$ cat start_30.cif   # mmCIF, C-alpha atoms and all ligand atoms
data_final
#
loop_
_atom_site.label_atom_id
_atom_site.label_comp_id
_atom_site.auth_asym_id
_atom_site.auth_seq_id
_atom_site.Cartn_x
_atom_site.Cartn_y
_atom_site.Cartn_z
CA MET A 943 -51.86 46.67 54.10
CA SER A 944 -49.93 46.89 57.37
CA LYS A 945 -46.35 45.69 57.67
CA SER A 946 -45.95 41.88 57.65
CA HIS A 947 -44.22 40.12 60.51
CA LEU A 948 -43.61 37.00 58.43
CA LEU A 949 -40.29 36.28 56.77
CA PRO A 950 -40.50 37.07 53.07
CA ILE A 951 -40.06 33.40 52.10
CA PHE A 952 -43.37 32.76 50.36
CA SER A 953 -45.19 34.99 47.89
CA PRO A 954 -48.77 33.98 48.66
CA LEU A 955 -51.51 34.68 46.15
CA PRO A 956 -53.98 37.35 47.29
CA VAL A 957 -56.62 34.93 48.53
CA CYS A 958 -57.35 33.57 52.00
CA PHE A 959 -59.54 30.51 52.45
CA GLN A 960 -62.00 30.10 55.25
CA LYS A 961 -63.55 26.70 54.72
CA GLY A 962 -63.48 23.71 52.46
CA GLU A 963 -65.76 20.88 51.39
CA GLY A 964 -64.42 18.04 49.23
CA VAL A 965 -62.66 19.68 46.26
CA TRP A 966 -64.21 23.09 46.92
CA LEU A 967 -62.72 25.98 48.91
CA THR A 968 -64.47 29.17 50.00
CA ASP A 969 -62.47 32.35 50.55
CA THR A 970 -63.10 35.09 53.11
CA GLN A 971 -65.15 37.02 50.52
CA GLY A 972 -67.44 34.05 49.94
CA ASN A 973 -66.01 33.12 46.51
CA VAL A 974 -65.89 29.37 45.80
CA TYR A 975 -62.90 27.76 44.08
CA LEU A 976 -62.36 24.33 42.55
CA ASP A 977 -59.27 22.88 44.21
CA GLY A 978 -57.03 21.02 41.76
CA PHE A 979 -54.07 21.36 44.08
CA ALA A 980 -55.14 19.81 47.41
CA GLY A 981 -52.57 21.74 49.44
CA ILE A 982 -49.66 20.32 47.37
CA ALA A 983 -51.07 16.79 47.04
CA VAL A 984 -51.85 16.66 50.77
CA ASN A 985 -55.64 16.67 51.18
CA ALA A 986 -56.07 13.18 49.75
CA VAL A 987 -59.63 12.70 51.02
CA GLY A 988 -60.64 16.29 50.25
CA HIS A 989 -61.43 19.07 52.67
CA ASN A 990 -63.65 18.55 55.70
CA HIS A 991 -64.17 14.80 55.21
CA PRO A 992 -66.74 13.94 57.92
CA ARG A 993 -64.95 10.77 59.05
CA LEU A 994 -61.58 12.49 59.33
CA VAL A 995 -63.09 15.47 61.13
CA SER A 996 -64.91 13.39 63.74
CA ALA A 997 -61.95 11.04 64.28
CA LEU A 998 -59.66 14.02 64.89
CA GLN A 999 -62.17 15.78 67.13
CA LYS A 1000 -62.46 12.68 69.28
CA GLN A 1001 -58.69 12.17 69.39
CA VAL A 1002 -58.03 15.79 70.36
CA SER A 1003 -60.46 15.48 73.23
CA GLU A 1004 -58.73 12.32 74.48
CA LEU A 1005 -54.98 12.66 73.84
CA ILE A 1006 -52.78 14.75 71.52
CA HIS A 1007 -49.21 13.92 72.47
CA VAL A 1008 -47.25 11.76 74.91
CA SER A 1009 -43.77 11.31 73.23
CA ASN A 1010 -42.01 8.16 72.10
CA TYR A 1011 -40.92 7.45 75.68
CA PHE A 1012 -44.13 5.45 75.81
CA ARG A 1013 -45.76 2.85 73.62
CA ILE A 1014 -48.25 4.30 71.14
CA ASP A 1015 -50.53 1.54 69.91
CA LEU A 1016 -51.83 3.64 67.05
CA GLN A 1017 -48.33 3.62 65.53
CA GLU A 1018 -48.52 -0.17 65.25
CA GLU A 1019 -51.89 0.16 63.55
CA VAL A 1020 -50.65 2.63 60.92
CA ALA A 1021 -47.39 0.74 60.40
CA ALA A 1022 -49.21 -2.56 59.92
CA LYS A 1023 -51.44 -0.98 57.28
CA LEU A 1024 -48.53 0.64 55.43
CA CYS A 1025 -46.59 -2.65 55.50
CA GLU A 1026 -49.63 -4.59 54.26
CA LYS A 1027 -50.10 -2.20 51.33
CA SER A 1028 -46.41 -1.84 50.45
CA GLY A 1029 -45.01 -5.32 51.06
CA LEU A 1030 -42.38 -3.80 53.38
CA ARG A 1031 -41.45 -4.69 56.95
CA GLY A 1032 -41.45 -1.69 59.31
CA CYS A 1033 -41.95 2.06 59.82
CA PHE A 1034 -40.45 5.04 61.58
CA PHE A 1035 -42.76 8.05 61.94
CA CYS A 1036 -41.77 11.69 61.66
CA ASN A 1037 -43.49 14.93 60.67
CA SER A 1038 -42.64 15.81 57.08
CA GLY A 1039 -41.18 14.69 53.80
CA LEU A 1040 -37.73 16.09 54.40
CA GLU A 1041 -37.59 14.39 57.79
CA ALA A 1042 -38.47 11.06 56.22
CA ASN A 1043 -35.75 11.58 53.60
CA GLU A 1044 -33.26 12.73 56.24
CA ALA A 1045 -33.92 9.45 58.08
CA ALA A 1046 -33.49 7.51 54.84
CA ILE A 1047 -30.15 9.21 54.16
CA LYS A 1048 -28.92 8.44 57.67
CA LEU A 1049 -30.07 4.85 57.30
CA ALA A 1050 -28.30 4.50 53.95
CA ARG A 1051 -25.09 5.89 55.40
CA LYS A 1052 -25.23 3.48 58.31
CA TYR A 1053 -25.89 0.65 55.86
CA GLY A 1054 -22.67 1.73 54.13
CA HIS A 1055 -20.75 1.88 57.40
CA LEU A 1056 -21.91 -1.63 58.28
CA LYS A 1057 -20.35 -2.72 55.00
CA GLY A 1058 -17.08 -1.00 55.96
CA PHE A 1059 -17.39 2.19 53.88
CA ASN A 1060 -16.07 5.26 55.70
CA GLU A 1061 -17.63 7.68 53.22
CA PRO A 1062 -20.74 5.98 51.87
CA LYS A 1063 -22.16 7.52 48.72
CA ILE A 1064 -25.73 7.88 47.53
CA ILE A 1065 -26.68 8.18 43.85
CA VAL A 1066 -29.39 10.81 43.21
CA PHE A 1067 -31.11 12.21 40.09
CA ASP A 1068 -31.13 15.47 38.18
CA HIS A 1069 -34.34 17.49 38.78
CA ALA A 1070 -34.89 15.60 42.05
CA PHE A 1071 -36.62 17.29 44.96
CA HIS A 1072 -36.09 15.72 48.38
CA GLY A 1073 -36.55 18.66 50.76
CA ARG A 1074 -34.90 21.78 52.12
CA SER A 1075 -32.77 20.70 55.08
CA ILE A 1076 -29.04 20.75 54.37
CA ALA A 1077 -28.87 16.99 53.73
CA THR A 1078 -32.02 16.76 51.63
CA LEU A 1079 -31.06 19.96 49.80
CA SER A 1080 -27.74 18.35 48.97
CA ALA A 1081 -29.70 15.45 47.47
CA THR A 1082 -31.98 17.86 45.59
CA GLY A 1083 -31.17 18.65 41.96
CA ASN A 1084 -32.88 21.98 41.36
CA PRO A 1085 -30.17 24.70 41.28
CA ASN A 1086 -32.73 27.40 42.17
CA VAL A 1087 -33.54 25.66 45.42
CA ARG A 1088 -29.87 25.06 46.22
CA ARG A 1089 -28.40 28.44 45.33
CA ASP A 1090 -26.87 30.39 48.24
CA PHE A 1091 -26.75 27.45 50.65
CA ALA A 1092 -23.39 25.90 49.88
CA PRO A 1093 -21.49 24.08 51.19
CA TYR A 1094 -23.61 21.01 50.58
CA LEU A 1095 -23.03 17.59 52.06
CA PRO A 1096 -20.55 15.58 50.04
CA ASP A 1097 -21.07 12.07 48.74
CA PHE A 1098 -24.23 12.52 46.75
CA ILE A 1099 -23.53 11.53 43.15
CA ARG A 1100 -25.94 13.10 40.69
CA VAL A 1101 -26.87 11.38 37.44
CA PRO A 1102 -29.40 12.28 34.74
CA ALA A 1103 -32.82 11.02 35.88
CA GLY A 1104 -33.19 7.33 35.10
CA ASP A 1105 -29.76 6.99 33.42
CA VAL A 1106 -29.22 3.29 34.08
CA GLU A 1107 -26.04 3.14 31.99
CA MET A 1108 -24.42 5.87 34.05
CA ILE A 1109 -25.41 4.15 37.29
CA GLU A 1110 -24.00 0.87 36.00
CA LYS A 1111 -20.73 2.62 35.15
CA LEU A 1112 -20.52 4.19 38.61
CA ALA A 1113 -20.70 0.71 40.11
CA THR A 1114 -17.32 -0.11 38.58
CA THR A 1115 -15.62 3.30 38.89
CA THR A 1116 -16.74 4.52 42.31
CA PRO A 1117 -16.28 2.54 45.51
CA GLY A 1118 -18.46 3.13 48.56
CA ILE A 1119 -21.88 3.44 46.93
CA CYS A 1120 -24.57 2.35 49.40
CA ALA A 1121 -27.85 3.47 47.81
CA VAL A 1122 -29.77 4.93 44.89
CA MET A 1123 -32.42 7.44 45.94
CA PHE A 1124 -35.08 8.97 43.66
CA GLU A 1125 -38.74 9.79 43.11
CA PRO A 1126 -40.59 7.23 40.94
CA VAL A 1127 -42.55 10.18 39.53
CA GLN A 1128 -40.57 13.38 39.88
CA GLY A 1129 -42.93 16.00 41.29
CA GLU A 1130 -41.35 19.44 41.72
CA GLY A 1131 -39.05 18.53 38.82
CA GLY A 1132 -42.02 18.74 36.45
CA ILE A 1133 -44.17 15.57 36.78
CA ILE A 1134 -41.72 13.19 35.14
CA PRO A 1135 -42.52 9.47 35.56
CA ILE A 1136 -39.50 7.16 35.62
CA PRO A 1137 -40.29 4.38 33.09
CA ASP A 1138 -41.15 0.92 34.46
CA GLU A 1139 -38.23 -0.79 32.72
CA THR A 1140 -35.86 1.77 34.29
CA MET A 1141 -37.35 1.05 37.73
CA ARG A 1142 -36.74 -2.67 37.18
CA ALA A 1143 -33.20 -2.12 35.87
CA ILE A 1144 -32.29 -0.04 38.94
CA ARG A 1145 -33.83 -2.67 41.23
CA GLU A 1146 -31.63 -5.26 39.54
CA LEU A 1147 -28.50 -3.11 39.93
CA CYS A 1148 -29.28 -2.53 43.62
CA ASP A 1149 -29.61 -6.29 44.13
CA ARG A 1150 -26.43 -7.05 42.24
CA HIS A 1151 -24.31 -4.50 44.14
CA ASP A 1152 -26.06 -4.76 47.50
CA TRP A 1153 -27.21 -1.13 47.44
CA LEU A 1154 -30.41 0.12 49.01
CA MET A 1155 -33.10 1.18 46.57
CA ILE A 1156 -34.67 4.22 48.25
CA LEU A 1157 -37.84 5.65 46.73
CA ASP A 1158 -39.08 9.08 47.69
CA GLU A 1159 -42.86 8.61 47.46
CA VAL A 1160 -43.59 11.72 49.50
CA GLN A 1161 -45.69 13.10 46.65
CA SER A 1162 -46.48 10.00 44.55
CA GLY A 1163 -47.45 7.68 47.42
CA ILE A 1164 -50.78 6.92 49.16
CA GLY A 1165 -52.85 6.22 46.09
CA ARG A 1166 -52.12 9.32 44.05
CA THR A 1167 -50.86 7.54 40.92
CA GLY A 1168 -53.59 4.90 40.84
CA LYS A 1169 -51.65 2.38 42.95
CA TRP A 1170 -51.01 2.63 46.67
CA PHE A 1171 -47.39 3.41 45.80
CA ALA A 1172 -46.01 4.44 42.41
CA TYR A 1173 -43.41 1.63 42.34
CA GLN A 1174 -46.25 -0.90 42.19
CA HIS A 1175 -46.78 0.04 38.54
CA SER A 1176 -43.44 -1.56 37.71
CA GLY A 1177 -43.79 -4.72 39.79
CA ILE A 1178 -40.77 -4.11 42.01
CA VAL A 1179 -40.41 -3.47 45.74
CA PRO A 1180 -37.88 -0.93 47.09
CA ASP A 1181 -35.76 -1.42 50.21
CA VAL A 1182 -36.77 1.92 51.66
CA MET A 1183 -39.66 4.25 50.91
CA THR A 1184 -40.39 7.70 52.29
CA LEU A 1185 -43.89 9.12 52.70
CA ALA A 1186 -45.50 12.33 53.94
CA LYS A 1187 -47.83 14.76 52.15
CA ALA A 1188 -51.11 12.79 51.80
CA LEU A 1189 -50.46 10.38 54.68
CA GLY A 1190 -52.08 12.59 57.33
CA GLY A 1191 -54.68 14.18 55.05
CA GLY A 1192 -53.47 17.61 56.19
CA VAL A 1193 -52.13 16.77 59.65
CA PRO A 1194 -48.31 16.70 59.41
CA VAL A 1195 -47.17 13.05 59.25
CA GLY A 1196 -44.06 11.57 57.63
CA ALA A 1197 -42.87 7.99 57.49
CA LEU A 1198 -39.82 5.97 56.62
CA VAL A 1199 -40.88 2.49 55.52
CA CYS A 1200 -38.24 -0.26 55.31
CA GLY A 1201 -38.03 -3.70 53.76
CA GLU A 1202 -36.16 -6.65 55.35
CA LYS A 1203 -32.78 -5.48 54.03
CA ALA A 1204 -33.07 -2.12 55.80
CA TYR A 1205 -35.25 -3.05 58.78
CA GLY A 1206 -32.50 -3.80 61.29
CA VAL A 1207 -30.04 -1.09 60.30
CA PHE A 1208 -31.06 1.49 62.91
CA ALA A 1209 -30.34 0.41 66.48
CA PRO A 1210 -31.93 2.00 69.58
CA GLY A 1211 -30.75 5.60 69.88
CA ASN A 1212 -29.69 5.93 66.23
CA HIS A 1213 -32.55 8.24 65.35
CA GLY A 1214 -35.56 9.90 66.96
CA SER A 1215 -38.28 12.51 66.94
CA THR A 1216 -40.15 14.46 69.61
CA PHE A 1217 -43.44 14.74 67.76
CA GLY A 1218 -43.14 11.88 65.27
CA GLY A 1219 -45.98 9.38 65.43
CA ASN A 1220 -47.90 11.15 68.18
CA PRO A 1221 -51.51 10.08 68.81
CA LEU A 1222 -53.02 13.01 66.88
CA ALA A 1223 -50.83 12.35 63.82
CA MET A 1224 -51.46 8.60 63.95
CA ARG A 1225 -55.22 9.07 64.31
CA ALA A 1226 -55.10 11.21 61.17
CA ALA A 1227 -53.03 8.63 59.26
CA THR A 1228 -55.03 5.58 60.28
CA THR A 1229 -58.29 7.35 59.41
CA VAL A 1230 -57.03 8.60 56.03
CA LEU A 1231 -55.78 5.11 55.09
CA GLN A 1232 -59.10 3.56 56.15
CA ILE A 1233 -61.12 6.10 54.16
CA ILE A 1234 -58.97 5.51 51.06
CA GLU A 1235 -59.55 1.77 51.42
CA ASP A 1236 -63.29 1.92 52.21
CA GLU A 1237 -64.10 4.43 49.47
CA ARG A 1238 -61.86 2.69 46.90
CA LEU A 1239 -60.01 5.91 46.25
CA VAL A 1240 -56.93 4.26 44.75
CA SER A 1241 -58.97 2.95 41.86
CA ASN A 1242 -60.82 6.26 41.67
CA ALA A 1243 -57.44 7.97 41.32
CA GLU A 1244 -56.59 5.64 38.46
CA LYS A 1245 -59.93 6.17 36.72
CA MET A 1246 -60.19 9.91 37.27
CA GLY A 1247 -56.50 10.31 36.46
CA GLN A 1248 -56.99 8.71 33.09
CA TYR A 1249 -60.18 10.67 32.52
CA LEU A 1250 -58.54 13.99 33.37
CA GLN A 1251 -55.40 13.31 31.34
CA GLU A 1252 -57.41 12.35 28.26
CA GLY A 1253 -59.79 15.25 28.84
CA PHE A 1254 -56.96 17.78 29.04
CA ARG A 1255 -55.33 16.32 25.93
CA LYS A 1256 -58.53 16.65 23.96
CA ALA A 1257 -59.43 20.10 25.27
CA LEU A 1258 -55.95 21.56 24.74
CA LYS A 1259 -55.17 19.97 21.38
CA GLY A 1260 -54.07 22.62 18.93
CA VAL A 1261 -53.93 25.40 21.53
CA PRO A 1262 -50.78 27.42 20.72
CA GLY A 1263 -48.19 27.03 23.47
CA PHE A 1264 -49.56 23.68 24.71
CA VAL A 1265 -46.91 20.93 24.55
CA GLU A 1266 -48.19 17.80 26.28
CA VAL A 1267 -50.08 16.23 29.18
CA ARG A 1268 -48.09 13.73 31.22
CA GLY A 1269 -48.18 12.01 34.57
CA ARG A 1270 -49.57 9.01 36.35
CA GLY A 1271 -53.07 8.78 37.85
CA LEU A 1272 -53.93 12.02 39.63
CA MET A 1273 -50.37 13.35 39.44
CA ILE A 1274 -50.75 15.38 36.27
CA GLY A 1275 -48.55 17.88 34.47
CA ILE A 1276 -49.62 20.10 31.59
CA ALA A 1277 -46.45 21.25 29.83
CA LEU A 1278 -46.48 24.64 28.11
CA ASP A 1279 -43.74 26.07 25.90
CA ARG A 1280 -43.15 29.14 28.10
CA PRO A 1281 -42.80 30.18 31.76
CA ALA A 1282 -46.29 29.87 33.17
CA HIS A 1283 -46.38 31.50 36.60
CA GLN A 1284 -48.89 34.09 35.41
CA CYS A 1285 -51.39 31.24 35.09
CA LEU A 1286 -51.86 31.18 38.87
CA ALA A 1287 -53.47 34.62 38.99
CA ILE A 1288 -55.58 33.83 35.91
CA GLY A 1289 -56.64 30.66 37.72
CA LEU A 1290 -57.92 32.70 40.67
CA LYS A 1291 -60.04 34.71 38.27
CA HIS A 1292 -61.50 31.49 36.86
CA ARG A 1293 -61.90 30.15 40.41
CA VAL A 1294 -59.58 27.17 39.98
CA LEU A 1295 -56.46 26.20 41.96
CA PHE A 1296 -53.34 24.39 40.73
CA SER A 1297 -49.62 25.06 40.89
CA VAL A 1298 -46.89 25.79 38.39
CA THR A 1299 -43.70 23.80 38.81
CA ALA A 1300 -40.38 23.61 36.96
CA GLY A 1301 -41.24 26.95 35.37
CA ASN A 1302 -43.60 25.82 32.63
CA ILE A 1303 -45.58 22.87 34.01
CA ILE A 1304 -49.12 23.29 35.32
CA ARG A 1305 -49.41 20.71 38.08
CA ILE A 1306 -52.80 19.18 38.86
CA VAL A 1307 -52.94 17.01 42.00
CA PRO A 1308 -56.55 17.05 43.24
CA ALA A 1309 -58.07 15.06 46.10
CA LEU A 1310 -58.33 11.33 45.34
CA ASN A 1311 -62.10 11.41 45.75
CA ILE A 1312 -62.73 13.89 42.95
CA ALA A 1313 -65.96 13.01 41.13
CA ARG A 1314 -66.50 12.89 37.39
CA ARG A 1315 -68.56 16.09 37.18
CA GLU A 1316 -65.87 17.86 39.21
CA ALA A 1317 -63.23 16.51 36.84
CA ASP A 1318 -65.24 17.88 33.90
CA GLU A 1319 -65.37 21.24 35.63
CA LEU A 1320 -61.61 21.11 36.29
CA ILE A 1321 -60.90 20.42 32.62
CA GLU A 1322 -63.13 23.28 31.57
CA ARG A 1323 -61.66 25.83 33.98
CA VAL A 1324 -57.99 24.91 33.51
CA THR A 1325 -58.44 24.89 29.73
CA ALA A 1326 -59.93 28.39 29.92
CA VAL A 1327 -56.92 29.51 31.98
CA VAL A 1328 -54.41 28.05 29.54
CA LYS A 1329 -56.19 29.59 26.54
CA GLU A 1330 -56.35 33.01 28.16
CA PHE A 1331 -52.70 32.82 29.24
CA THR A 1332 -51.28 31.63 25.94
CA ALA A 1333 -53.34 34.17 23.96
CA ALA A 1334 -52.08 36.99 26.23
CA THR A 1335 -48.46 35.86 25.87
CA ALA A 1336 -48.64 34.87 22.18
CA LYS A 1337 -45.23 34.46 20.62
C1 LIG A 1401 -42.79 17.78 49.15
C2 LIG A 1401 -41.70 16.81 48.93
C3 LIG A 1401 -40.66 16.63 49.85
C4 LIG A 1401 -40.52 17.50 51.07
O1 LIG A 1401 -41.57 17.35 51.94
P1 LIG A 1401 -41.77 18.41 53.16
O2 LIG A 1401 -42.89 17.83 53.93
O3 LIG A 1401 -42.08 19.73 52.53
O4 LIG A 1401 -40.50 18.43 53.89
C5 LIG A 1401 -39.73 15.65 49.61
N1 LIG A 1401 -39.81 14.88 48.51
C6 LIG A 1401 -40.79 15.02 47.60
C7 LIG A 1401 -40.83 14.12 46.42
C8 LIG A 1401 -41.77 15.99 47.77
O5 LIG A 1401 -42.71 16.16 46.84
#

$ encode --input "start_30.cif" --output "structure tokens" --more "lines below"
Ligand SMILES: *Cc1c(COP(=O)(O)O)cnc(C)c1O
Amino acid sequence: MSKSHLLPIFSPLPVCFQKGEGVWLTDTQGNVYLDGFAGIAVNAVGHNHPRLVSALQKQVSELIHVSNYFRIDLQEEVAAKLCEKSGLRGCFFCNSGLEANEAAIKLARKYGHLKGFNEPKIIVFDHAFHGRSIATLSATGNPNVRRDFAPYLPDFIRVPAGDVEMIEKLATTTPGICAVMFEPVQGEGGIIPIPDETMRAIRELCDRHDWLMILDEVQSGIGRTGKWFAYQHSGIVPDVMTLAKALGGGVPVGALVCGEKAYGVFAPGNHGSTFGGNPLAMRAATTVLQIIEDERLVSNAEKMGQYLQEGFRKALKGVPGFVEVRGRGLMIGIALDRPAHQCLAIGLKHRVLFSVTAGNIIRIVPALNIARREADELIERVTAVVKEFTAATAK
């Protein structure tokens, strides 16, 4: 192969895809793969959804970008839908997950300043992943992601994920706390759902101390867990939520969504974005949300999530090296007892796509419209991969 002109940041697998259809991807050699990964939980309505394709084609031919110097009616449409589904009050649009989290961190700090804190502090969790900018990296827990990029921003206080007691103690020992920020189901950290009672306890602490409860739903949001947003499993509402990944169905779209308590914190000029919320991005988002609603994909995610989780449990029971299946809806982790990166190449051989996260977790996050026969096929292929891998690496 000739010399690459790309920075050596990624180590892509030796496969290049040419077209997709639902949960199926075809590579340049004509091989067809079952996609259990959906571009890192992005392609929520699958590949090449006819409604998304025609809506985008039409939008491209009319208007792609104008900037936020002008009113963009489509932003109101998407924001109204997100507020209706979430119970929150207003949105700011950007282009990615880290940008949404960056905005949330700025908003939390300003919330602190309005309360008279000069150095407002944000509580974050171990194993958290919030992005790779300096601020979101500082909020991120994974030492492998952080290494070599010090100094980090100060005033993030890290606690073990979901440690309510520790958070309660911080309230009395540490002045200047303005927010608690975490993922309701940790994604990159290894598909770790935060228990409902913990969600409610943290909501209560945030109310009692007038902190913002900020939920990073970049991966868990937009129907993936079998509710529109993962916090809806625990019957609470956050003050701030961040979204990206699935929101644009593959077109880059991020959003900061605020409840009443956070709605008025940013004043004109406090934040901005050149591309954020442009007509192309908003056409993608409004169409994806409408498809999810019309095709009842949130309840499909719940049903197929349960079906897949039970199916994997049954198929992998007794396989040496298999530890457990965990997750929520279609955000599924298969934990093995050993580093599992080799599974990716074995997956290509079996024509099935997934990722490996946190070293030993096979992550399955397929499109929300996966059908039962495709789920059966996914169970069969992933099980074959795990069996081949664990046999080859037998302890
Ligand atoms: C992917 C992810 C991010 C970062 O999103 P980017 O669009 O890659 O910046 C942030 N938080 C969570 C929970 C994510 O899964």

$ residues_around --input "start_30.cif" --residues "His1283 (chain A)" --least-positions-apart "2" --cutoff "8 Å" --atoms "all atoms listed in the file" --output "PyMOL selection string"
chain A and resi 1281+1285-1286+1298+1301-1302

$ residues_around --input "start_30.cif" --residues "Thr1140 (chain A)" --least-positions-apart "3" --cutoff "7 Å" --atoms "all atoms listed in the file" --output "compact mmCIF listing (two decimals) with C-alpha atoms, keeping the file's coordinate frame"
# COMPACT_ATOMS: atom_id res chain seq x y z
CA GLY A 1104 -33.19 7.33 35.10
CA VAL A 1106 -29.22 3.29 34.08
CA ILE A 1136 -39.50 7.16 35.62
CA PRO A 1137 -40.29 4.38 33.09
CA ALA A 1143 -33.20 -2.12 35.87
CA ILE A 1144 -32.29 -0.04 38.94

$ residues_near_ligand --input "start_30.cif" --ligand "ligand LIG 1401 (chain A)" --cutoff "7 Å" --atoms "all atoms listed in the file" --output "JSON, numbers by chain"
{"A": [1038, 1039, 1040, 1041, 1043, 1071, 1072, 1073, 1074, 1125, 1128, 1129, 1130, 1158, 1159, 1160, 1161, 1186, 1187]}

$ atom_distance --input "start_30.cif" --atom1 "CA of Ala1209 (chain A)" --atom2 "CA of Ala1070 (chain A)"
29.1 Å

$ atom_distance --input "start_30.cif" --atom1 "CA of Thr1229 (chain A)" --atom2 "CA of Arg993 (chain A)"
7.5 Å

$ residues_around --input "start_30.cif" --residues "Val1182 (chain A)" --least-positions-apart "3" --cutoff "10 Å" --atoms "only C-alpha atoms" --output "list in words"
Leu1030, Arg1031, Gly1032, Cys1033, Asn1043, Ala1046, Leu1049, Ala1050, Ala1121, Met1123, Leu1154, Met1155, Ile1156, Leu1157, Asp1158, Glu1159, Val1179, Leu1198, Val1199, Cys1200, Gly1201, Glu1202, Lys1203, Ala1204 and Tyr1205 of chain A

$ residues_around --input "start_30.cif" --residues "Thr1332 (chain A)" --least-positions-apart "3" --cutoff "10 Å" --atoms "all atoms listed in the file" --output "ChimeraX atom specification"
/A:1261-1264,1278-1280,1282,1285,1327-1329,1335-1337

$ residues_around --input "start_30.cif" --residues "region 952-958 of chain A" --least-positions-apart "5" --cutoff "12 Å" --atoms "only C-alpha atoms" --output "PDB file with C-alpha atoms, in the frame of the given file"
ATOM      1  CA  MET A 943     -51.860  46.670  54.100  1.00  0.00           C
ATOM      2  CA  SER A 946     -45.950  41.880  57.650  1.00  0.00           C
ATOM      3  CA  LEU A 967     -62.720  25.980  48.910  1.00  0.00           C
ATOM      4  CA  THR A 968     -64.470  29.170  50.000  1.00  0.00           C
ATOM      5  CA  ASP A 969     -62.470  32.350  50.550  1.00  0.00           C
ATOM      6  CA  THR A 970     -63.100  35.090  53.110  1.00  0.00           C
ATOM      7  CA  GLN A 971     -65.150  37.020  50.520  1.00  0.00           C
ATOM      8  CA  GLY A 972     -67.440  34.050  49.940  1.00  0.00           C
ATOM      9  CA  ASN A 973     -66.010  33.120  46.510  1.00  0.00           C
ATOM     10  CA  VAL A 974     -65.890  29.370  45.800  1.00  0.00           C
ATOM     11  CA  TYR A 975     -62.900  27.760  44.080  1.00  0.00           C
ATOM     12  CA  HIS A1283     -46.380  31.500  36.600  1.00  0.00           C
ATOM     13  CA  GLN A1284     -48.890  34.090  35.410  1.00  0.00           C
ATOM     14  CA  CYS A1285     -51.390  31.240  35.090  1.00  0.00           C
ATOM     15  CA  LEU A1286     -51.860  31.180  38.870  1.00  0.00           C
ATOM     16  CA  ALA A1287     -53.470  34.620  38.990  1.00  0.00           C
ATOM     17  CA  ILE A1288     -55.580  33.830  35.910  1.00  0.00           C
ATOM     18  CA  GLY A1289     -56.640  30.660  37.720  1.00  0.00           C
ATOM     19  CA  LEU A1290     -57.920  32.700  40.670  1.00  0.00           C
ATOM     20  CA  LYS A1291     -60.040  34.710  38.270  1.00  0.00           C
ATOM     21  CA  ARG A1293     -61.900  30.150  40.410  1.00  0.00           C
ATOM     22  CA  VAL A1294     -59.580  27.170  39.980  1.00  0.00           C
ATOM     23  CA  LEU A1295     -56.460  26.200  41.960  1.00  0.00           C
ATOM     24  CA  PHE A1296     -53.340  24.390  40.730  1.00  0.00           C
ATOM     25  CA  SER A1297     -49.620  25.060  40.890  1.00  0.00           C
TER      26      SER A1297
END
